[in-house]
$ cat final30.txt   # compact mmCIF, C-alpha atoms
# COMPACT_ATOMS: atom_id res chain seq x y z
CA LYS A 1 -15.10 -25.95 11.61
CA ALA A 2 -11.79 -25.00 10.00
CA ALA A 3 -13.24 -21.95 8.24
CA PRO A 4 -12.89 -19.46 11.16
CA GLN A 5 -9.22 -20.38 11.63
CA GLU A 6 -8.62 -20.12 7.87
CA PHE A 7 -10.08 -16.58 7.58
CA PRO A 8 -6.98 -14.74 8.88
CA GLN A 9 -4.74 -16.71 6.51
CA ALA A 10 -7.07 -15.99 3.59
CA ILE A 11 -7.06 -12.28 4.46
CA LYS A 12 -3.27 -12.39 4.72
CA ARG A 13 -2.91 -13.99 1.26
CA GLY A 14 -5.28 -11.50 -0.37
CA MET A 15 -3.67 -8.52 1.33
CA THR A 16 -0.13 -9.63 0.46
CA ARG A 17 -1.04 -10.05 -3.22
CA ALA A 18 -3.00 -6.78 -3.39
CA LEU A 19 -0.29 -4.69 -1.69
CA ALA A 20 2.33 -5.95 -4.14
CA VAL A 21 0.15 -4.76 -7.04
CA VAL A 22 -0.68 -1.45 -5.37
CA SER A 23 3.02 -0.84 -4.70
CA GLY A 24 3.66 -1.15 -8.42
CA ARG A 25 0.79 1.19 -9.19
CA ILE A 26 2.20 3.80 -6.80
CA GLN A 27 5.61 3.48 -8.46
CA GLU A 28 4.10 3.98 -11.92
CA LYS A 29 1.60 6.72 -11.15
CA ARG A 30 2.99 8.65 -8.19
CA LEU A 31 6.79 8.30 -8.34
CA THR A 32 7.48 8.62 -12.07
CA GLY A 33 8.29 11.61 -14.25
CA HIS A 34 10.18 14.83 -13.93
CA GLY A 35 8.50 17.42 -11.73
CA PRO A 36 7.90 19.58 -10.04
CA PHE A 37 4.26 18.56 -10.10
CA PRO A 38 1.35 20.43 -8.53
CA ALA A 39 0.74 19.22 -4.97
CA THR A 40 -2.83 18.33 -5.93
CA GLU A 41 -1.51 15.52 -8.17
CA HIS A 42 0.05 13.81 -5.13
CA ARG A 43 3.15 12.94 -7.17
CA LEU A 44 6.85 13.24 -6.58
CA GLY A 45 9.13 13.67 -9.56
CA GLU A 46 12.16 11.47 -10.06
CA ARG A 47 15.53 12.92 -9.25
CA THR A 48 17.66 9.85 -8.67
CA GLY A 49 14.95 7.21 -9.08
CA GLN A 50 15.90 5.61 -5.76
CA LEU A 51 12.54 6.17 -4.08
CA LYS A 52 10.73 4.55 -6.99
CA LEU A 53 13.18 1.63 -7.21
CA ARG A 54 13.12 0.90 -3.49
CA THR A 55 9.38 1.21 -2.93
CA GLN A 56 7.90 -2.16 -2.12
CA SER A 57 5.26 -3.94 -0.11
CA THR A 58 5.96 -6.17 2.83
CA PRO A 59 4.02 -9.43 3.14
CA ALA A 60 1.05 -9.25 5.48
CA THR A 61 1.44 -10.81 8.90
CA VAL A 62 -1.10 -12.36 11.25
CA GLU A 63 -0.85 -11.92 15.00
CA THR A 64 -3.35 -13.90 17.04
CA ASP A 65 -4.27 -13.16 20.62
CA GLY A 66 -6.79 -15.76 21.74
CA GLU A 67 -9.79 -15.41 19.43
CA LYS A 68 -8.68 -12.06 18.02
CA SER A 69 -6.40 -11.79 14.96
CA VAL A 70 -4.70 -8.66 13.69
CA ILE A 71 -3.51 -8.69 10.08
CA THR A 72 -1.10 -5.97 8.97
CA GLY A 73 0.71 -5.19 5.75
CA ALA A 74 2.66 -2.20 4.52
CA ILE A 75 3.95 -0.32 1.50
CA GLY A 76 7.07 1.73 2.02
CA SER A 77 10.62 2.42 0.98
CA SER A 78 14.08 1.88 2.39
CA VAL A 79 15.08 5.29 1.02
CA PHE A 80 14.91 8.31 3.32
CA TYR A 81 11.59 9.89 2.55
CA ALA A 82 10.81 13.02 4.46
CA ALA A 83 7.54 13.07 6.39
CA PHE A 84 6.95 16.64 5.23
CA GLN A 85 6.42 15.33 1.69
CA GLU A 86 3.70 12.96 2.86
CA PHE A 87 2.03 15.14 5.48
CA GLY A 88 3.04 18.70 4.58
CA THR A 89 4.11 21.55 6.86
CA LYS A 90 2.98 25.11 7.47
CA THR A 91 4.88 26.23 4.36
CA LEU A 92 4.95 23.07 2.21
CA PRO A 93 1.82 21.41 0.83
CA GLU A 94 1.02 17.78 1.51
CA ARG A 95 1.85 15.54 -1.45
CA ALA A 96 1.02 12.13 0.08
CA PRO A 97 1.89 9.83 -2.83
CA PHE A 98 1.77 6.73 -0.64
CA ARG A 99 -1.42 7.47 1.30
CA THR A 100 -3.20 8.70 -1.81
CA GLY A 101 -2.09 5.68 -3.82
CA ILE A 102 -3.36 3.30 -1.16
CA GLN A 103 -6.65 5.18 -0.77
CA GLU A 104 -7.39 5.12 -4.49
CA ASN A 105 -6.79 1.34 -4.51
CA ILE A 106 -8.72 0.46 -1.35
CA THR A 107 -11.54 -1.19 -3.33
CA TYR A 108 -9.03 -3.31 -5.22
CA ILE A 109 -7.41 -4.42 -1.94
CA ALA A 110 -10.80 -5.32 -0.45
CA ASP A 111 -11.76 -7.24 -3.60
CA GLU A 112 -8.57 -9.31 -3.48
CA ILE A 113 -9.17 -10.17 0.16
CA GLU A 114 -12.76 -11.10 -0.65
CA LYS A 115 -11.58 -13.41 -3.46
CA GLU A 116 -9.27 -15.25 -1.06
CA ILE A 117 -12.00 -15.66 1.54
CA THR A 118 -14.43 -16.96 -1.09
CA THR A 119 -11.81 -19.40 -2.36
CA SER A 120 -11.11 -20.67 1.17
CA LEU A 121 -14.83 -21.19 1.82
CA LYS A 122 -15.13 -23.35 -1.30
CA ALA A 123 -12.25 -25.57 -0.24

$ encode --input "final30.txt" --output "C-alpha cells"
Amino acid sequence: KAAPQEFPQAIKRGMTRALAVVSGRIQEKRLTGHGPFPATEHRLGERTGQLKLRTQSTPATVETDGEKSVITGAIGSSVFYAAFQEFGTKTLPERAPFRTGIQENITYIADEIEKEITTSLKA
C-alpha cells in the first residue's frame, strides 16, 4: 500500500543523484578548454572559468496535487549566461552546452531513477 506514495520520493532521489553527476559531466565535457570551438561541438571555452565553477544541479522537488505528483530538477548556473549561446540567433549558431549535455545523459538519468524505484519496491 505504501508503494504508490513512495514512488515520487524514489524518483526524486534518483533524479537528484543523477543530475549532480550530469552537472559534473557538463562541466568536464562542455565547459572546459580554450575555444573558440565549432558550434557543432556544443562547447563553450573557458575565459574566466566562472560558468564552469558555478554550474550545479538543484535537488529535485516533489509537488503533489491530490493524486498527481510533479517532480522537477534543474542544472544551471548563477553566472550570467546569455540565452543566445544556448538557443542561437539569426547570426550566431546555437551552442546549447546545457541542453545537449542533458540530452546525451538522458538514459543515465532514467536508469538512476529506475534503480531508486526498484530499491523502494524491494523495501

$ closest_residue --input "final30.txt" --among "A:Ser69, A:Thr89, A:Ile106, A:Pro97" --to "Phe7 (chain A)" --atoms "all atoms listed in the file"
A:Ser69

$ atom_distance --input "final30.txt" --atom1 "CA of Pro38 (chain A)" --atom2 "CA of Ile26 (chain A)"
16.7 Å

$ residues_near_point --input "final30.txt" --point "(17.9, 6.1, -4.6)" --cutoff "12 Å" --atoms "only C-alpha atoms" --output "VMD selection string"
chain A and resid 31 46 to 55 77 to 81

$ residues_near_point --input "final30.txt" --point "(7.7, -5.4, -1.7)" --cutoff "12 Å" --atoms "all atoms listed in the file" --output "list in words"
Thr16, Arg17, Ala18, Leu19, Ala20, Val21, Val22, Ser23, Gly24, Ile26, Gln27, Lys52, Leu53, Arg54, Thr55, Gln56, Ser57, Thr58, Pro59, Ala60, Gly73, Ala74, Ile75, Gly76, Ser77 and Ser78 of chain A

$ atom_distance --input "final30.txt" --atom1 "CA of Pro8 (chain A)" --atom2 "CA of Ala110 (chain A)"
13.8 Å

$ residues_around --input "final30.txt" --residues "Glu86 (chain A)" --least-positions-apart "6" --cutoff "12 Å" --atoms "all atoms listed in the file" --output "number ranges by chain"
A: 30, 39, 42-44, 76, 92-101

$ atom_distance --input "final30.txt" --atom1 "CA of Gly88 (chain A)" --atom2 "CA of Thr72 (chain A)"
25.4 Å

$ closest_residue --input "final30.txt" --among "A:Ala83, A:Ile71, A:Glu63, A:Gly33" --to "Ile113 (chain A)" --atoms "only C-alpha atoms"
A:Ile71

$ closest_residue --input "final30.txt" --among "A:Gln103, A:Thr32, A:Thr61, A:Thr91" --to "Gln9 (chain A)" --atoms "all atoms listed in the file"
A:Thr61
